[in-house]
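File shown: input_2.txt (compact mmCIF, C-alpha atoms (C1' of nucleotides)).
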```
# COMPACT_ATOMS: atom_id res chain seq x y z
CA MET W 105 10.32 -6.51 -20.44
CA ASP W 106 7.45 -7.53 -18.27
CA ALA W 107 9.35 -6.61 -15.17
CA ILE W 108 11.05 -3.28 -15.49
CA PRO W 109 12.89 -2.84 -12.21
CA GLN W 110 10.96 -0.33 -10.20
CA ASP W 111 14.06 1.46 -8.99
CA LYS W 112 15.23 2.07 -12.56
CA ILE W 113 11.86 3.52 -13.47
CA GLN W 114 12.07 5.68 -10.42
CA SER W 115 15.51 7.03 -11.25
CA ALA W 116 14.61 7.60 -14.86
CA ALA W 117 11.46 9.47 -13.90
CA GLN W 118 13.49 11.58 -11.53
CA GLY W 119 15.92 12.39 -14.31
CA LEU W 120 13.09 13.30 -16.63
CA ARG W 121 11.47 15.53 -14.06
CA ALA W 122 14.72 17.41 -13.86
CA VAL W 123 14.55 18.11 -17.58
CA ALA W 124 10.81 18.64 -17.80
CA HIS W 125 10.80 22.31 -16.96
CA GLU W 126 10.90 25.22 -19.34
CA LEU W 127 13.83 26.97 -17.78
CA ARG W 128 15.85 23.84 -17.20
CA LEU W 129 15.22 22.61 -20.71
CA ASN W 130 16.19 25.98 -22.07
CA ILE W 131 19.42 25.81 -20.09
CA LEU W 132 20.15 22.35 -21.43
CA CYS W 133 19.57 23.42 -25.02
CA HIS W 134 22.11 26.16 -24.56
CA LEU W 135 24.57 23.81 -22.92
CA LEU W 136 24.41 21.48 -25.91
CA LYS W 137 26.90 23.85 -27.48
CA GLY W 138 29.33 23.72 -24.61
CA PRO W 139 29.96 24.85 -21.03
CA MET W 140 28.56 28.16 -19.84
CA CYS W 141 28.86 30.04 -16.59
CA VAL W 142 25.93 31.15 -14.50
CA GLY W 143 26.20 34.77 -15.60
CA GLU W 144 26.03 33.85 -19.25
CA LEU W 145 23.06 31.63 -18.58
CA MET W 146 21.34 34.50 -16.83
CA GLU W 147 21.76 36.58 -19.95
CA VAL W 148 20.56 34.03 -22.46
CA THR W 149 17.65 32.78 -20.40
CA GLY W 150 16.64 36.01 -18.72
CA ALA W 151 16.19 34.15 -15.45
CA GLY W 152 17.09 35.53 -12.06
CA GLN W 153 20.32 34.54 -10.38
CA SER W 154 18.84 32.68 -7.48
CA ASN W 155 16.27 30.88 -9.52
CA LEU W 156 18.88 29.82 -12.04
CA SER W 157 21.27 28.64 -9.39
CA GLN W 158 18.67 26.45 -7.80
CA HIS W 159 17.75 24.83 -11.08
CA LEU W 160 21.38 24.25 -11.95
CA SER W 161 22.15 22.57 -8.69
CA LYS W 162 19.09 20.41 -9.02
CA MET W 163 20.36 19.11 -12.33
CA ARG W 164 23.85 18.70 -10.96
CA LEU W 165 22.67 16.65 -8.00
CA ILE W 166 20.79 14.33 -10.29
CA GLY W 167 23.81 13.83 -12.51
CA ILE W 168 22.70 15.57 -15.67
CA LEU W 169 25.09 18.48 -15.28
CA ALA W 170 28.53 18.83 -13.86
CA SER W 171 30.26 22.05 -12.90
CA GLU W 172 33.76 23.36 -12.83
CA LYS W 173 35.06 26.49 -11.17
CA ARG W 174 37.30 28.80 -13.18
CA GLY W 175 38.38 31.92 -11.32
CA GLN W 176 35.27 33.20 -9.70
CA GLN W 177 32.93 31.75 -12.23
CA VAL W 178 31.30 28.35 -12.21
CA PHE W 179 30.87 26.67 -15.55
CA TYR W 180 28.18 24.10 -16.07
CA TYR W 181 28.08 21.48 -18.77
CA ILE W 182 26.14 18.39 -19.71
CA ASP W 183 27.95 15.55 -18.09
CA ASN W 184 26.41 12.57 -19.81
CA PRO W 185 26.47 12.28 -23.61
CA ARG W 186 23.32 10.20 -23.47
CA TRP W 187 21.44 13.10 -22.00
CA LYS W 188 22.61 15.10 -24.96
CA GLN W 189 20.98 12.48 -27.15
CA VAL W 190 17.75 12.81 -25.26
CA ILE W 191 17.71 16.58 -25.67
CA GLU W 192 18.55 16.26 -29.33
CA ALA W 193 15.80 13.70 -29.88
CA LEU W 194 13.41 16.14 -28.26
CA GLN W 195 14.49 18.89 -30.58
CA LEU W 196 13.69 16.60 -33.48
CA ILE W 197 10.20 16.11 -32.12
CA TYR W 198 9.45 19.72 -31.41
CA CYS W 199 11.71 21.61 -33.82
CA PRO W 200 11.24 19.77 -37.11
CA GLU W 201 12.91 22.65 -38.89
CA GLN W 202 16.01 21.57 -37.00
CA CYS W 203 16.25 24.65 -34.75
CA ARG W 204 19.47 25.16 -36.78
CA MET K 103 21.03 28.30 -31.30
CA ASP K 104 21.03 31.48 -29.33
CA ALA K 105 17.32 31.93 -29.83
CA ILE K 106 15.43 28.75 -29.20
CA PRO K 107 11.82 29.66 -29.88
CA GLN K 108 10.08 29.95 -26.57
CA ASP K 109 6.97 28.15 -27.76
CA LYS K 110 8.99 25.12 -28.83
CA ILE K 111 10.64 24.95 -25.44
CA GLN K 112 7.26 25.22 -23.87
CA SER K 113 5.79 22.38 -25.91
CA ALA K 114 8.82 20.20 -25.39
CA ALA K 115 8.73 20.78 -21.65
CA GLN K 116 5.06 19.91 -21.63
CA GLY K 117 5.82 16.68 -23.48
CA LEU K 118 8.56 15.83 -21.04
CA ARG K 119 6.36 16.50 -18.07
CA ALA K 120 3.96 13.96 -19.48
CA VAL K 121 6.70 11.34 -19.47
CA ALA K 122 8.35 12.38 -16.24
CA HIS K 123 6.21 10.35 -13.92
CA GLU K 124 6.83 6.90 -12.59
CA LEU K 125 3.55 5.41 -13.62
CA ARG K 126 3.44 7.07 -17.01
CA LEU K 127 7.01 6.08 -17.77
CA ASN K 128 6.24 2.55 -16.71
CA ILE K 129 3.26 2.52 -19.06
CA LEU K 130 5.41 3.80 -21.90
CA CYS K 131 8.04 1.17 -21.33
CA HIS K 132 5.39 -1.50 -21.61
CA LEU K 133 3.93 0.09 -24.72
CA LEU K 134 7.32 -0.03 -26.43
CA LYS K 135 6.44 -3.62 -27.21
CA GLY K 136 3.10 -2.82 -28.77
CA PRO K 137 -0.48 -1.73 -28.07
CA MET K 138 -2.12 -2.71 -24.81
CA CYS K 139 -5.61 -2.19 -23.44
CA VAL K 140 -6.36 -0.50 -20.15
CA GLY K 141 -7.10 -3.73 -18.38
CA GLU K 142 -3.77 -5.23 -19.31
CA LEU K 143 -2.01 -2.08 -18.22
CA MET K 144 -3.77 -2.29 -14.86
CA GLU K 145 -2.36 -5.77 -14.43
CA VAL K 146 1.22 -5.02 -15.39
CA THR K 147 1.45 -1.73 -13.54
CA GLY K 148 -0.74 -2.52 -10.56
CA ALA K 149 -2.34 0.89 -10.83
CA GLY K 150 -6.00 1.61 -10.20
CA GLN K 151 -8.41 1.99 -13.09
CA SER K 152 -9.19 5.63 -12.59
CA ASN K 153 -5.63 6.64 -11.97
CA LEU K 154 -4.45 4.79 -15.04
CA SER K 155 -7.17 6.21 -17.22
CA GLN K 156 -6.28 9.73 -16.26
CA HIS K 157 -2.63 9.25 -17.00
CA LEU K 158 -3.40 7.64 -20.33
CA SER K 159 -5.63 10.42 -21.47
CA LYS K 160 -3.07 12.98 -20.41
CA MET K 161 -0.52 11.37 -22.68
CA ARG K 162 -3.05 11.03 -25.46
CA LEU K 163 -3.98 14.68 -25.31
CA ILE K 164 -0.37 15.70 -25.56
CA GLY K 165 0.19 13.48 -28.57
CA ILE K 166 2.46 10.84 -27.13
CA LEU K 167 -0.12 8.10 -27.19
CA ALA K 168 -2.98 7.29 -29.50
CA SER K 169 -5.85 4.95 -28.78
CA GLU K 170 -8.06 2.64 -30.73
CA LYS K 171 -11.27 1.00 -29.64
CA ARG K 172 -11.70 -2.72 -30.29
CA GLY K 173 -14.96 -4.14 -28.99
CA GLN K 174 -15.28 -2.77 -25.52
CA GLN K 175 -11.61 -2.38 -24.95
CA VAL K 176 -9.46 0.60 -25.70
CA PHE K 177 -5.96 -0.08 -26.87
CA TYR K 178 -3.24 2.48 -26.39
CA TYR K 179 0.01 2.72 -28.28
CA ILE K 180 2.91 5.08 -28.74
CA ASP K 181 1.96 7.25 -31.64
CA ASN K 182 5.24 8.93 -32.45
CA PRO K 183 8.32 6.81 -33.23
CA ARG K 184 10.52 9.66 -31.97
CA TRP K 185 9.02 9.31 -28.53
CA LYS K 186 10.01 5.67 -28.70
CA GLN K 187 13.54 6.84 -29.33
CA VAL K 188 13.42 9.07 -26.29
CA ILE K 189 12.22 6.25 -24.07
CA GLU K 190 14.85 3.94 -25.46
CA ALA K 191 17.58 6.51 -24.92
CA LEU K 192 16.42 6.79 -21.34
CA GLN K 193 16.61 3.05 -20.88
CA LEU K 194 20.21 3.22 -22.05
CA ILE K 195 20.94 5.80 -19.39
CA TYR K 196 19.24 4.04 -16.53
CA CYS K 197 19.32 0.38 -17.53
CA PRO K 198 22.88 -0.11 -18.77
CA GLU K 199 22.31 -3.86 -18.63
CA GLN K 200 19.82 -3.28 -21.43
CA CYS K 201 16.68 -4.10 -19.43
CA ARG K 202 16.52 -7.00 -21.92
C1' DT M 109 40.58 44.52 5.58
C1' DT M 110 37.17 46.34 3.13
C1' DT M 111 34.61 46.34 -1.12
C1' DA M 112 32.67 44.28 -4.87
C1' DC M 113 31.56 40.34 -7.55
C1' DA M 114 29.86 35.55 -8.67
C1' DT M 115 27.29 32.09 -6.98
C1' DA M 116 24.73 29.38 -3.38
C1' DT M 117 21.34 28.54 0.23
C1' DA M 118 17.07 29.22 3.00
C1' DA M 119 12.48 30.55 3.95
C1' DT M 120 8.15 31.73 2.25
C1' DT M 121 4.23 31.87 -0.47
C1' DA M 122 1.85 30.62 -4.69
C1' DT M 123 0.72 27.18 -7.95
C1' DA M 124 0.53 22.57 -10.02
C1' DT M 125 0.21 17.50 -9.69
C1' DT M 126 -1.20 13.44 -7.68
C1' DA M 127 -4.12 9.45 -5.86
C1' DT M 128 -8.37 8.30 -4.27
C1' DA M 129 -13.19 7.80 -4.24
C1' DA M 130 -17.45 8.42 -6.34
C1' DT M 131 -20.01 8.69 -10.37
C1' DA M 132 -20.87 8.60 -15.39
C1' DT M 133 -20.68 6.77 -20.09
C1' DG M 134 -21.22 3.47 -23.49
C1' DA M 135 -21.22 -1.05 -25.46
C1' DT M 136 -22.70 -6.01 -25.05
C1' DG M 137 -25.44 -9.93 -23.74
C1' DC M 138 -29.66 -11.47 -21.77
C1' DG A 58 -35.27 -2.68 -20.97
C1' DC A 59 -31.72 -4.23 -17.36
C1' DA A 60 -27.30 -5.85 -15.68
C1' DT A 61 -22.54 -6.08 -16.51
C1' DC A 62 -18.08 -4.99 -18.15
C1' DA A 63 -14.45 -1.69 -19.71
C1' DT A 64 -13.21 2.80 -19.56
C1' DA A 65 -13.79 7.86 -18.65
C1' DT A 66 -14.79 11.90 -15.89
C1' DT A 67 -15.23 14.81 -11.81
C1' DA A 68 -14.23 16.53 -7.25
C1' DT A 69 -11.13 16.84 -3.62
C1' DA A 70 -7.60 16.52 -0.31
C1' DA A 71 -2.69 15.67 0.11
C1' DT A 72 1.72 16.55 -1.60
C1' DA A 73 5.28 18.43 -4.54
C1' DT A 74 7.38 22.13 -7.15
C1' DA A 75 8.20 26.92 -8.42
C1' DA A 76 9.58 31.95 -8.12
C1' DT A 77 10.70 35.43 -5.09
C1' DT A 78 13.10 37.69 -1.51
C1' DA A 79 16.58 37.93 1.66
C1' DT A 80 20.83 36.37 3.24
C1' DA A 81 25.20 33.81 3.08
C1' DT A 82 29.54 32.11 1.12
C1' DG A 83 33.85 32.50 -1.08
C1' DT A 84 37.29 34.92 -3.79
C1' DA A 85 39.76 38.52 -5.85
C1' DA A 86 41.09 43.36 -6.23
C1' DA A 87 41.94 47.79 -4.13
```
Let's see the structure in the file written out as structure tokens.
Amino acid sequence: MDAIPQDKIQSAAQGLRAVAHELRLNILCHLLKGPMCVGELMEVTGAGQSNLSQHLSKMRLIGILASEKRGQQVFYYIDNPRWKQVIEALQLIYCPEQCR
Amino acid sequence: MDAIPQDKIQSAAQGLRAVAHELRLNILCHLLKGPMCVGELMEVTGAGQSNLSQHLSKMRLIGILASEKRGQQVFYYIDNPRWKQVIEALQLIYCPEQCR
DNA sequence: TTTACATATAATTATATTATAATATGATGC
DNA sequence: GCATCATATTATAATATAATTATATGTAAA
């Protein structure tokens, strides 16, 4: 592994940066359970609408989340099962008591 | 999981931030194979001594890396096997061809 | 067709992170 | 002691990221 392709490292770091934020990580933990719309996420995270929306679209652009419109709501969900694994591995590190 | 303890999220985000950087991630990928000293890491990453040292101590402080002095060299290694898992999961996401 | 609702975008300001350069520490050999 | 090597620390200037506010879009109901 002497030569890890620089562009892979770059993409992976970009992906990580997208997760490495309190609010975004909080969002992702909630989305582990399934899709949620922006309004619900506002409730559970306590974040403001605009702030939340910006963070969601950041994660969508990078390919961690996908979204789907139902009626006038937009539901977000974790698009890539491997990202779920990453979040879950993190929970093991920081929530040894399993965080239920 | 409605109530993810805020302090856990905070710590986890801090840990992620420590990994979410091109150079630091590159370092971690190299350290997956085993301990390396600063000089070796300078060679494989091409980073400057001071820069590297700062990034290493950041990761050490946060508990991702540990270090051990042998003679006049300091060897760094990944302290927590779960962080290895996170890095490996990432490689699966971004290096589908296995990055060897 | 207006109103209200759900979400998105833009602009701004505040704060955090980074790389570099310069300097310091601390061990080893002479 | 003095010079050298390996690493750490500090200061700083450049850059990136965040939260807030204000505004815009799109859609459904009245």
Would you give me, as a PyMOL selection string, the residues of chain W that come within 8 Å of chain K, using all atoms listed in the file?
-> chain W and resi 105-106+108+112-121+123-126+129-130+133-134+148+186-187+189-190+193-199+203-204
Using only C-alpha atoms, please write the residues we just selected to a file, as a PDB file, in the frame of the given file.
```
ATOM      1  CA  MET W 105      10.320  -6.510 -20.440  1.00  0.00           C
ATOM      2  CA  ASP W 106       7.450  -7.530 -18.270  1.00  0.00           C
ATOM      3  CA  ILE W 108      11.050  -3.280 -15.490  1.00  0.00           C
ATOM      4  CA  LYS W 112      15.230   2.070 -12.560  1.00  0.00           C
ATOM      5  CA  ILE W 113      11.860   3.520 -13.470  1.00  0.00           C
ATOM      6  CA  GLN W 114      12.070   5.680 -10.420  1.00  0.00           C
ATOM      7  CA  SER W 115      15.510   7.030 -11.250  1.00  0.00           C
ATOM      8  CA  ALA W 116      14.610   7.600 -14.860  1.00  0.00           C
ATOM      9  CA  ALA W 117      11.460   9.470 -13.900  1.00  0.00           C
ATOM     10  CA  GLN W 118      13.490  11.580 -11.530  1.00  0.00           C
ATOM     11  CA  GLY W 119      15.920  12.390 -14.310  1.00  0.00           C
ATOM     12  CA  LEU W 120      13.090  13.300 -16.630  1.00  0.00           C
ATOM     13  CA  ARG W 121      11.470  15.530 -14.060  1.00  0.00           C
ATOM     14  CA  VAL W 123      14.550  18.110 -17.580  1.00  0.00           C
ATOM     15  CA  ALA W 124      10.810  18.640 -17.800  1.00  0.00           C
ATOM     16  CA  HIS W 125      10.800  22.310 -16.960  1.00  0.00           C
ATOM     17  CA  GLU W 126      10.900  25.220 -19.340  1.00  0.00           C
ATOM     18  CA  LEU W 129      15.220  22.610 -20.710  1.00  0.00           C
ATOM     19  CA  ASN W 130      16.190  25.980 -22.070  1.00  0.00           C
ATOM     20  CA  CYS W 133      19.570  23.420 -25.020  1.00  0.00           C
ATOM     21  CA  HIS W 134      22.110  26.160 -24.560  1.00  0.00           C
ATOM     22  CA  VAL W 148      20.560  34.030 -22.460  1.00  0.00           C
ATOM     23  CA  ARG W 186      23.320  10.200 -23.470  1.00  0.00           C
ATOM     24  CA  TRP W 187      21.440  13.100 -22.000  1.00  0.00           C
ATOM     25  CA  GLN W 189      20.980  12.480 -27.150  1.00  0.00           C
ATOM     26  CA  VAL W 190      17.750  12.810 -25.260  1.00  0.00           C
ATOM     27  CA  ALA W 193      15.800  13.700 -29.880  1.00  0.00           C
ATOM     28  CA  LEU W 194      13.410  16.140 -28.260  1.00  0.00           C
ATOM     29  CA  GLN W 195      14.490  18.890 -30.580  1.00  0.00           C
ATOM     30  CA  LEU W 196      13.690  16.600 -33.480  1.00  0.00           C
ATOM     31  CA  ILE W 197      10.200  16.110 -32.120  1.00  0.00           C
ATOM     32  CA  TYR W 198       9.450  19.720 -31.410  1.00  0.00           C
ATOM     33  CA  CYS W 199      11.710  21.610 -33.820  1.00  0.00           C
ATOM     34  CA  CYS W 203      16.250  24.650 -34.750  1.00  0.00           C
ATOM     35  CA  ARG W 204      19.470  25.160 -36.780  1.00  0.00           C
TER      36      ARG W 204
END
```
Work out how far C1' of DA129 in chain M is from CA of Ser159 in chain K, in Å to one decimal.
-> 19.0 Å
Return as a PyMOL selection string the residues belonging to chain K that are within 8 Å of chain A, counting all atoms listed in the file.
-> chain K and resi 140-141+152+155+174-176
Which residues, written as JSON, numbers by chain, have at least one atom at most 12 Å from Gly138 in chain W, with all atoms listed in the file counted and residues fewer than 2 positions away on the same chain left out?
-> {"W": [131, 132, 133, 134, 135, 136, 140, 141, 144, 145, 169, 170, 171, 179, 180, 181, 182, 183, 185, 188], "K": [103]}
Kindly compute an axis-aligned box around the listed atoms of range 118-129 of chain M, allowing 6 Å on each side, and express its centre and edge lengths in Å to one decimal as AutoDock Vina command-line options.
```
--center_x 1.9 --center_y 19.8 --center_z -3.0 --size_x 42.3 --size_y 36.1 --size_z 26.0
```
Residues of chain M no more than 10 Å from chain K, counting all atoms listed in the file: send them over as JSON, numbers by chain.
-> {"M": [126, 127, 128, 129, 134, 135, 136]}
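Counting from CA of Glu170 in chain K, the distance to CA of Gly148 in chain K is 22.1 Å.
Relative to C1' of DA116 in chain M, CA of Leu160 in chain W is found at 10.5 Å.
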